[in-house]
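Undergrad: You'll find my_file-v7.csv just under this line, and it carries CSV, C-alpha atoms and all ligand atoms.
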```csv
chain,number,residue,atom,x,y,z
A,157,MET,CA,82.0,-0.8,226.4
A,158,ALA,CA,85.6,-1.9,226.0
A,159,ARG,CA,84.5,-5.5,226.4
A,160,ALA,CA,81.9,-5.1,223.7
A,161,MET,CA,84.5,-3.7,221.3
A,162,ASN,CA,86.8,-6.7,222.0
A,163,ASP,CA,84.0,-9.1,221.4
A,164,ARG,CA,83.1,-7.4,218.2
A,165,SER,CA,86.7,-7.4,216.9
A,166,ARG,CA,86.8,-11.2,217.3
A,167,LEU,CA,83.7,-11.7,215.3
A,168,LEU,CA,83.8,-12.2,211.6
A,169,SER,CA,82.5,-9.6,209.2
A,170,GLU,CA,79.1,-10.3,207.6
A,171,GLU,CA,81.0,-10.6,204.3
A,172,ALA,CA,83.3,-13.3,205.6
A,173,LEU,CA,80.4,-15.2,207.2
A,174,THR,CA,78.5,-15.0,203.9
A,175,LYS,CA,81.5,-16.5,202.1
A,176,TYR,CA,81.6,-19.4,204.5
A,177,ARG,CA,77.8,-19.8,204.1
A,178,ILE,CA,78.1,-20.0,200.3
A,179,GLU,CA,80.9,-22.5,200.4
A,180,LEU,CA,79.0,-24.7,202.8
A,181,LEU,CA,75.9,-24.5,200.5
A,182,VAL,CA,77.8,-25.3,197.3
A,183,LYS,CA,80.3,-27.9,198.6
A,184,GLY,CA,78.5,-29.3,201.7
A,185,THR,CA,81.7,-28.8,203.8
A,186,VAL,CA,83.6,-25.7,204.8
A,187,VAL,CA,86.8,-25.1,206.9
A,188,ILE,CA,86.6,-22.1,209.2
A,189,ALA,CA,90.0,-20.6,209.8
A,190,PRO,CA,91.7,-20.9,213.3
A,191,GLN,CA,90.9,-18.1,215.8
A,192,THR,CA,87.6,-17.4,214.2
A,193,LEU,CA,84.9,-19.4,216.1
A,194,PHE,CA,87.3,-20.4,219.0
A,195,THR,CA,90.1,-18.4,220.5
A,196,GLN,CA,93.2,-20.0,222.0
A,197,ASP,CA,91.7,-19.5,225.4
A,198,ASP,CA,88.5,-21.3,224.4
A,199,LEU,CA,90.6,-24.3,223.1
A,200,ALA,CA,92.7,-24.4,226.3
A,201,ARG,CA,89.5,-24.3,228.4
A,202,ILE,CA,88.0,-27.2,226.4
A,203,ASP,CA,91.2,-29.2,226.8
A,204,GLN,CA,91.2,-28.6,230.6
A,205,LEU,CA,87.5,-29.5,231.0
A,206,GLN,CA,87.7,-32.7,228.9
A,207,MET,CA,90.3,-34.2,231.2
A,208,GLU,CA,87.6,-34.8,233.8
A,209,ILE,CA,85.5,-36.9,231.4
A,210,PRO,CA,86.0,-40.7,231.3
A,211,GLU,CA,87.0,-42.2,228.0
A,212,GLU,CA,85.8,-45.3,226.2
A,213,GLU,CA,87.1,-47.2,223.2
A,214,VAL,CA,84.6,-47.5,220.3
A,215,ARG,CA,85.3,-50.2,217.8
A,216,MET,CA,81.9,-50.2,216.2
A,217,GLY,CA,79.8,-47.1,215.5
A,218,ASP,CA,76.2,-46.9,216.6
A,219,ALA,CA,74.9,-47.0,213.0
A,220,GLY,CA,76.8,-50.3,212.3
A,221,ASP,CA,79.9,-48.5,210.7
A,222,SER,CA,83.5,-49.5,211.4
A,223,HIS,CA,85.4,-47.3,213.9
A,224,ASN,CA,88.5,-47.6,216.1
A,225,VAL,CA,88.6,-44.5,218.2
A,226,PHE,CA,88.6,-43.2,221.8
A,227,VAL,CA,85.5,-41.2,222.8
A,228,LYS,CA,84.6,-39.0,225.6
A,229,ARG,CA,80.9,-38.3,225.7
A,230,VAL,CA,79.7,-34.8,226.5
A,231,ARG,CA,76.1,-34.8,225.4
A,232,VAL,CA,74.2,-37.9,224.3
A,233,ASP,CA,71.2,-38.4,222.0
A,234,PRO,CA,69.9,-42.0,222.4
A,235,PRO,CA,67.1,-43.2,220.0
A,236,GLY,CA,63.6,-42.5,221.4
A,237,ARG,CA,64.9,-40.0,224.0
A,238,PRO,CA,65.6,-36.3,224.1
A,239,PRO,CA,69.3,-35.3,224.1
A,240,SER,CA,71.0,-34.7,227.5
A,241,ASN,CA,74.3,-33.7,228.9
A,242,VAL,CA,76.4,-36.5,230.5
A,243,ASP,CA,76.5,-36.3,234.3
A,244,GLY,CA,79.2,-34.2,235.9
A,245,LYS,CA,80.3,-30.6,235.8
A,246,ALA,CA,82.6,-30.6,232.8
A,247,PRO,CA,80.0,-31.7,230.1
A,248,GLY,CA,77.7,-28.9,231.0
A,249,GLN,CA,80.5,-26.4,231.0
A,250,ILE,CA,81.7,-27.5,227.6
A,251,ILE,CA,78.2,-27.2,226.2
A,252,GLU,CA,77.8,-23.7,227.8
A,253,LEU,CA,81.1,-22.7,226.1
A,254,LEU,CA,80.0,-23.9,222.7
A,255,GLN,CA,76.7,-22.1,223.0
A,256,ARG,CA,78.1,-18.7,224.0
A,257,LYS,CA,76.2,-15.9,222.2
A,258,ASP,CA,78.8,-14.5,219.8
A,259,ARG,CA,79.9,-18.0,218.7
A,260,SER,CA,76.3,-19.2,218.3
A,261,LEU,CA,75.4,-16.1,216.2
A,262,ALA,CA,78.4,-16.5,213.9
A,263,LEU,CA,77.7,-20.2,213.5
A,264,LYS,CA,74.0,-19.5,212.8
A,265,LYS,CA,74.9,-17.2,210.0
A,266,ILE,CA,77.3,-19.8,208.5
A,267,LEU,CA,74.6,-22.5,208.7
A,268,GLY,CA,72.1,-20.0,207.2
A,269,ALA,CA,69.5,-20.5,209.9
A,270,SER,CA,66.4,-18.4,210.5
A,271,SER,CA,65.8,-20.2,213.8
A,272,ASP,CA,68.2,-21.3,216.5
A,273,TYR,CA,70.2,-24.4,216.3
A,274,VAL,CA,70.4,-26.8,219.2
A,275,ILE,CA,73.3,-29.2,220.0
A,276,ARG,CA,71.9,-32.7,220.0
A,277,ARG,CA,75.1,-34.6,220.6
A,278,CYS,CA,78.7,-33.7,221.5
A,279,GLN,CA,81.8,-35.8,222.0
A,280,MET,CA,85.6,-35.7,222.0
A,281,HIS,CA,87.5,-38.0,219.7
A,282,ARG,CA,91.1,-39.2,220.2
A,283,LEU,CA,92.8,-41.2,217.5
A,284,PRO,CA,96.3,-42.6,218.3
A,285,PRO,CA,98.3,-44.2,215.5
A,286,GLY,CA,96.3,-46.9,213.7
A,287,SER,CA,93.0,-45.4,214.6
A,288,PHE,CA,90.4,-44.3,212.0
A,289,VAL,CA,86.7,-43.6,211.6
A,290,GLY,CA,85.2,-45.7,208.8
A,291,ILE,CA,82.9,-44.3,206.1
A,292,HIS,CA,79.5,-43.3,207.6
A,293,LEU,CA,76.6,-40.9,207.4
A,294,ASP,CA,76.0,-38.9,210.6
A,295,ALA,CA,72.3,-38.7,209.9
A,296,GLU,CA,72.0,-42.4,210.5
A,297,SER,CA,72.6,-41.8,214.2
A,298,ASP,CA,69.8,-39.2,214.3
A,299,PRO,CA,67.7,-38.2,211.2
A,300,ASP,CA,67.4,-34.7,212.6
A,301,PHE,CA,71.2,-34.1,212.6
A,302,GLU,CA,71.8,-31.3,210.0
A,303,TYR,CA,75.4,-30.1,210.5
A,304,SER,CA,78.4,-31.5,212.3
A,305,VAL,CA,80.9,-29.0,213.7
A,306,ILE,CA,84.4,-30.4,214.2
A,307,VAL,CA,86.9,-28.4,216.3
A,308,GLN,CA,90.5,-29.5,215.7
A,309,LEU,CA,92.4,-29.9,219.0
A,310,ALA,CA,95.7,-31.4,217.9
A,311,ARG,CA,98.8,-29.9,216.4
A,312,ASP,CA,101.2,-32.7,215.5
A,313,PHE,CA,100.0,-35.8,213.7
A,314,GLU,CA,100.3,-37.5,210.4
A,315,GLY,CA,97.4,-39.0,208.4
A,316,GLY,CA,93.9,-38.7,209.9
A,317,GLU,CA,92.6,-36.7,206.9
A,318,PHE,CA,88.9,-35.9,206.8
A,319,VAL,CA,87.5,-37.2,203.5
A,320,VAL,CA,84.0,-36.4,202.3
A,321,TYR,CA,82.2,-38.2,199.4
A,322,PRO,CA,79.5,-35.8,198.0
A,323,ASN,CA,78.7,-38.3,195.3
A,324,ALA,CA,79.9,-41.6,193.8
A,325,TYR,CA,82.6,-39.9,191.7
A,326,GLU,CA,84.0,-37.2,193.9
A,327,GLN,CA,86.0,-37.0,197.1
A,328,GLN,CA,87.2,-34.0,199.0
A,329,VAL,CA,90.2,-34.3,201.3
A,330,PHE,CA,90.7,-31.9,204.3
A,331,ARG,CA,93.7,-31.4,206.5
A,332,PRO,CA,92.4,-28.7,208.8
A,333,PRO,CA,95.1,-27.1,211.1
A,334,PHE,CA,94.9,-26.8,214.9
A,335,GLY,CA,92.1,-24.5,215.9
A,336,ALA,CA,90.2,-24.7,212.6
A,337,VAL,CA,86.6,-25.8,212.5
A,338,VAL,CA,85.1,-28.1,209.9
A,339,VAL,CA,81.4,-27.7,209.3
A,340,THR,CA,79.8,-30.4,207.2
A,341,THR,CA,76.3,-31.5,206.3
A,342,CYS,CA,75.2,-34.7,208.1
A,343,ARG,CA,73.9,-35.9,204.7
A,344,ILE,CA,77.2,-36.5,203.1
A,345,ARG,CA,79.2,-39.7,203.7
A,346,HIS,CA,82.7,-39.2,205.2
A,347,GLU,CA,85.5,-40.8,207.0
A,348,VAL,CA,88.7,-40.1,208.9
A,349,LYS,CA,91.7,-41.9,207.4
A,350,PRO,CA,94.1,-43.9,209.7
A,351,VAL,CA,96.4,-41.8,211.8
A,352,HIS,CA,100.1,-42.7,211.1
A,353,ALA,CA,102.0,-40.8,213.8
A,354,GLY,CA,101.1,-38.5,216.7
A,355,GLU,CA,97.6,-38.2,217.9
A,356,ARG,CA,94.5,-36.6,216.3
A,357,ARG,CA,92.1,-35.0,218.7
A,358,SER,CA,88.9,-33.2,218.0
A,359,LEU,CA,85.6,-32.1,219.5
A,360,VAL,CA,82.5,-32.8,217.5
A,361,TYR,CA,79.0,-31.5,217.9
A,362,PHE,CA,75.9,-32.1,215.9
A,363,CYS,CA,73.4,-29.3,215.3
A,364,SER,CA,69.7,-29.4,214.5
A,365,LYS,CA,66.7,-27.2,214.6
A,366,ARG,CA,64.8,-29.9,216.5
A,367,SER,CA,65.2,-30.4,220.2
A,368,GLY,CA,62.8,-33.3,220.8
A,369,VAL,CA,63.4,-37.0,221.0
A,370,ASN,CA,65.8,-38.7,218.7
A,371,ARG,CA,63.5,-40.0,215.9
A,372,ARG,CA,65.9,-42.7,214.8
A,373,ILE,CA,64.3,-46.1,214.3
A,374,ILE,CA,66.4,-49.1,215.0
A,375,GLU,CA,65.6,-51.7,212.3
A,376,SER,CA,67.1,-54.7,213.9
A,377,THR,CA,68.4,-55.8,217.3
A,378,ALA,CA,69.8,-59.1,215.9
A,379,ASP,CA,73.4,-58.0,216.4
A,380,GLY,CA,72.7,-56.5,219.8
A,381,LEU,CA,73.5,-52.9,218.8
B,1,FE,FE,80.8,-38.3,211.2
```
Go ahead and render the structure in this file as structure tokens.
Ligand SMILES: [Fe+2]
TA:
Amino acid sequence: MARAMNDRSRLLSEEALTKYRIELLVKGTVVIAPQTLFTQDDLARIDQLQMEIPEEEVRMGDAGDSHNVFVKRVRVDPPGRPPSNVDGKAPGQIIELLQRKDRSLALKKILGASSDYVIRRCQMHRLPPGSFVGIHLDAESDPDFEYSVIVQLARDFEGGEFVVYPNAYEQQVFRPPFGAVVVTTCRIRHEVKPVHAGERRSLVYFCSKRSGVNRRIIESTADGL
């Protein structure tokens, strides 16, 4: 009983969830306040688990976009195959943490879903000074990506703004604080500006109502990607 009360106190009211839902619908992007979807304990646990995952440097995104970022893969979604967790204990434990019932329910309300969302892909990003993520469209990696959820894991860095381009004339600049969660539709182009000082770290996961194979078609293999 006491536990149920604690869980409930952490959850957002229907009213607050609806406000986030409307903002996401209208703008295509919304910033969920720190301590809402993830507690300090959740963030510390993610930080602890990610240490066990190997890191790779990515200079070119899989959709041909320009990147310069360090990536730890948690769950992968290769074209023509269904998504799967990366081998090892930590990836499965991170996915389990992300999918906990109270968090999934709150997120489902913000995404306005009638059916459950699945996590198709999940990874950690680390951007030291000079790193950036070039303008890209998440849906180019998997046409079934609907929303990306970005958990901010760093406190002290400069630059690294998250910029979305809803149309040719408009841009929205976000500087979400530590613990905040950015939710954005995968059908809007966006980028991460170069980091100037400190280190920007985040956990990103891509949600979809489809759980089958990645239906992305690779047009050309001429460049070997
Ligand atoms: Fe992205």
Undergrad: With a distance cut-off of 12 Å and all atoms listed in the file, select the neighbouring residues of Met207 of chain A, excluding the residue or stretch itself and same-chain residues fewer than 2 positions from it, and output the selection as a list of chain:residue names.
TA: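 Final neighbour list, sorted by chain and number: A:Ala200, A:Arg201, A:Ile202, A:Asp203, A:Gln204, A:Leu205, A:Ile209, A:Pro210, A:Glu211, A:Val227, A:Lys228, A:Arg229, A:Val230, A:Lys245, A:Ala246, A:Pro247, A:Ile250, A:Met280.
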Undergrad: Please identify the residues whose atoms come within 7 Å of ligand FE 1 (chain B), using all atoms listed in the file, and report them as a list in words.
TA: His292, Leu293, Asp294, His346 and Glu347 of chain A
Undergrad: What does the distance from atom CA of Asp197 of chain A to atom CA of Val232 of chain A come to in Å, to one decimal?
TA: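 Atom CA of Val232 of chain A lies 25.4 Å from atom CA of Asp197 of chain A.
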Undergrad: Between atom CA of Arg277 of chain A and atom CA of Gln255 of chain A, what is the distance, to one decimal in Å?
TA: 12.8 Å
Undergrad: Pick out the closest residue to Leu199 of chain A from this set: A:Pro350, A:Val329, A:Val307, A:Tyr321. Count all atoms listed in the file.
TA: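 Looking at the shortest contact to Leu199 of chain A, the residue is A:Val307.
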Undergrad: What is the atom CA of Gln328 of chain A-atom CA of Thr185 of chain A distance in Å, reported with one decimal?
TA: 9.0 Å
Undergrad: Determine the nearest neighbour of Val337 of chain A from the options A:Asn323, A:Asn224, A:Asn370, A:Thr195, counting all atoms listed in the file.
TA: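 Among A:Asn323, A:Asn224, A:Asn370, A:Thr195, it is A:Thr195 that comes nearest to Val337 of chain A.
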Undergrad: Here is a test: counting all atoms listed in the file, which residue of A:Gln279, A:Gln206, A:Ser271, A:Ser364 is nearest to Gly244 of chain A?
TA: A:Gln206
Undergrad: With distances taken over only C-alpha atoms, which residue among A:Pro332, A:Leu173, A:Leu309, A:Phe288 lies nearest Leu261 of chain A?
TA: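 Comparing A:Pro332, A:Leu173, A:Leu309, A:Phe288 against Leu261 of chain A, the winner is A:Leu173.
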Undergrad: Give me, as a compact mmCIF listing (two decimals) with C-alpha atoms, in the frame of the given file, all polymer residues having an atom no more than 12 Å from Ser287 of chain A, counting only C-alpha atoms and skipping those fewer than 4 positions away in the same chain.
TA:
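To be explicit, this is the file written out as selection-v4.txt:
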```
# COMPACT_ATOMS: atom_id res chain seq x y z
CA GLU A 213 87.10 -47.20 223.20
CA VAL A 214 84.60 -47.50 220.30
CA ARG A 215 85.30 -50.20 217.80
CA SER A 222 83.50 -49.50 211.40
CA HIS A 223 85.40 -47.30 213.90
CA ASN A 224 88.50 -47.60 216.10
CA VAL A 225 88.60 -44.50 218.20
CA PHE A 226 88.60 -43.20 221.80
CA VAL A 227 85.50 -41.20 222.80
CA HIS A 281 87.50 -38.00 219.70
CA ARG A 282 91.10 -39.20 220.20
CA LEU A 283 92.80 -41.20 217.50
CA PHE A 313 100.00 -35.80 213.70
CA GLU A 314 100.30 -37.50 210.40
CA GLY A 315 97.40 -39.00 208.40
CA GLY A 316 93.90 -38.70 209.90
CA GLU A 317 92.60 -36.70 206.90
CA GLU A 347 85.50 -40.80 207.00
CA VAL A 348 88.70 -40.10 208.90
CA LYS A 349 91.70 -41.90 207.40
CA PRO A 350 94.10 -43.90 209.70
CA VAL A 351 96.40 -41.80 211.80
CA HIS A 352 100.10 -42.70 211.10
CA ALA A 353 102.00 -40.80 213.80
CA GLY A 354 101.10 -38.50 216.70
CA GLU A 355 97.60 -38.20 217.90
CA ARG A 356 94.50 -36.60 216.30
CA ARG A 357 92.10 -35.00 218.70
```
Undergrad: Identify which of the residues A:Gln327, A:Val339, A:Asp258, A:Asp198 lies closest to Leu181 of chain A, counting only C-alpha atoms when measuring atom-to-atom distances.
TA: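 That would be A:Val339, the residue with the smallest distance to Leu181 of chain A.
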Undergrad: Which residue is closest to Leu267 of chain A? Choose from A:Ala324, A:Ala172, A:Cys363, A:Ile251 and count all atoms listed in the file.
TA: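 Result for the nearest residue to Leu267 of chain A: A:Cys363.
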Undergrad: Can you find the residues with an atom no farther than 6 Å from (92.2, -24.7, 215.4), counting only C-alpha atoms, and report them as a list in words?
TA: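 Returned residue set, sorted by chain then number, is Pro190, Gln308, Pro333, Phe334, Gly335 and Ala336 of chain A.
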Undergrad: Reconstruct N, CA and C atoms of segment 279-311 of chain A from the incomplete input and present them as a compact mmCIF listing (two decimals), in the coordinates of the input.
TA:
```txt
# COMPACT_ATOMS: atom_id res chain seq x y z
N GLN A 279 80.80 -34.86 221.48
CA GLN A 279 81.80 -35.80 222.00
C GLN A 279 83.20 -35.40 221.57
N MET A 280 84.18 -35.91 222.34
CA MET A 280 85.60 -35.70 222.00
C MET A 280 86.09 -36.98 221.36
N HIS A 281 86.92 -36.84 220.33
CA HIS A 281 87.50 -38.00 219.70
C HIS A 281 89.03 -37.95 219.81
N ARG A 282 89.62 -39.09 220.16
CA ARG A 282 91.10 -39.20 220.20
C ARG A 282 91.50 -40.37 219.36
N LEU A 283 92.36 -40.11 218.39
CA LEU A 283 92.80 -41.20 217.50
C LEU A 283 94.33 -41.30 217.54
N PRO A 284 94.82 -42.28 218.30
CA PRO A 284 96.30 -42.60 218.30
C PRO A 284 96.63 -43.28 216.99
N PRO A 285 97.93 -43.51 216.74
CA PRO A 285 98.30 -44.20 215.50
C PRO A 285 97.57 -45.47 215.25
N GLY A 286 97.11 -45.66 214.02
CA GLY A 286 96.30 -46.90 213.70
C GLY A 286 94.83 -46.64 213.76
N SER A 287 94.40 -45.61 214.47
CA SER A 287 93.00 -45.40 214.60
C SER A 287 92.40 -44.70 213.37
N PHE A 288 91.12 -44.92 213.16
CA PHE A 288 90.40 -44.30 212.00
C PHE A 288 88.93 -44.32 212.33
N VAL A 289 88.17 -43.58 211.51
CA VAL A 289 86.70 -43.60 211.60
C VAL A 289 86.24 -44.04 210.19
N GLY A 290 85.60 -45.20 210.07
CA GLY A 290 85.20 -45.70 208.80
C GLY A 290 84.10 -44.83 208.13
N ILE A 291 83.88 -45.06 206.83
CA ILE A 291 82.90 -44.30 206.10
C ILE A 291 81.51 -44.41 206.71
N HIS A 292 80.87 -43.29 206.96
CA HIS A 292 79.50 -43.30 207.60
C HIS A 292 78.77 -42.06 207.24
N LEU A 293 77.50 -42.07 207.63
CA LEU A 293 76.60 -40.90 207.40
C LEU A 293 76.11 -40.53 208.83
N ASP A 294 76.39 -39.29 209.23
CA ASP A 294 76.00 -38.90 210.60
C ASP A 294 74.50 -38.95 210.80
N ALA A 295 73.72 -38.67 209.73
CA ALA A 295 72.30 -38.70 209.90
C ALA A 295 71.68 -40.02 210.20
N GLU A 296 72.51 -41.08 210.07
CA GLU A 296 72.00 -42.40 210.50
C GLU A 296 71.95 -42.56 211.98
N SER A 297 72.68 -41.73 212.70
CA SER A 297 72.60 -41.80 214.20
C SER A 297 71.36 -41.05 214.66
N ASP A 298 70.96 -40.01 213.92
CA ASP A 298 69.80 -39.20 214.30
C ASP A 298 69.33 -38.50 212.99
N PRO A 299 68.13 -38.82 212.49
CA PRO A 299 67.70 -38.20 211.20
C PRO A 299 67.57 -36.71 211.26
N ASP A 300 67.56 -36.14 212.46
CA ASP A 300 67.40 -34.70 212.60
C ASP A 300 68.79 -33.97 212.65
N PHE A 301 69.90 -34.71 212.65
CA PHE A 301 71.20 -34.10 212.60
C PHE A 301 71.29 -33.31 211.24
N GLU A 302 71.64 -32.03 211.27
CA GLU A 302 71.80 -31.30 210.00
C GLU A 302 73.25 -30.97 209.70
N TYR A 303 73.97 -30.46 210.69
CA TYR A 303 75.40 -30.10 210.50
C TYR A 303 76.22 -30.68 211.59
N SER A 304 77.41 -31.17 211.25
CA SER A 304 78.40 -31.50 212.30
C SER A 304 79.45 -30.44 212.27
N VAL A 305 79.88 -30.06 213.47
CA VAL A 305 80.90 -29.00 213.70
C VAL A 305 82.06 -29.71 214.36
N ILE A 306 83.24 -29.67 213.72
CA ILE A 306 84.40 -30.40 214.20
C ILE A 306 85.53 -29.46 214.54
N VAL A 307 85.87 -29.36 215.82
CA VAL A 307 86.90 -28.40 216.30
C VAL A 307 88.22 -29.21 216.37
N GLN A 308 89.24 -28.77 215.67
CA GLN A 308 90.50 -29.50 215.70
C GLN A 308 91.36 -29.11 216.88
N LEU A 309 91.72 -30.13 217.68
CA LEU A 309 92.40 -29.90 219.00
C LEU A 309 93.84 -30.36 219.00
N ALA A 310 94.34 -30.90 217.90
CA ALA A 310 95.70 -31.40 217.90
C ALA A 310 96.59 -30.71 216.91
N ARG A 311 97.88 -30.64 217.24
CA ARG A 311 98.80 -29.90 216.40
C ARG A 311 99.66 -30.89 215.53
```
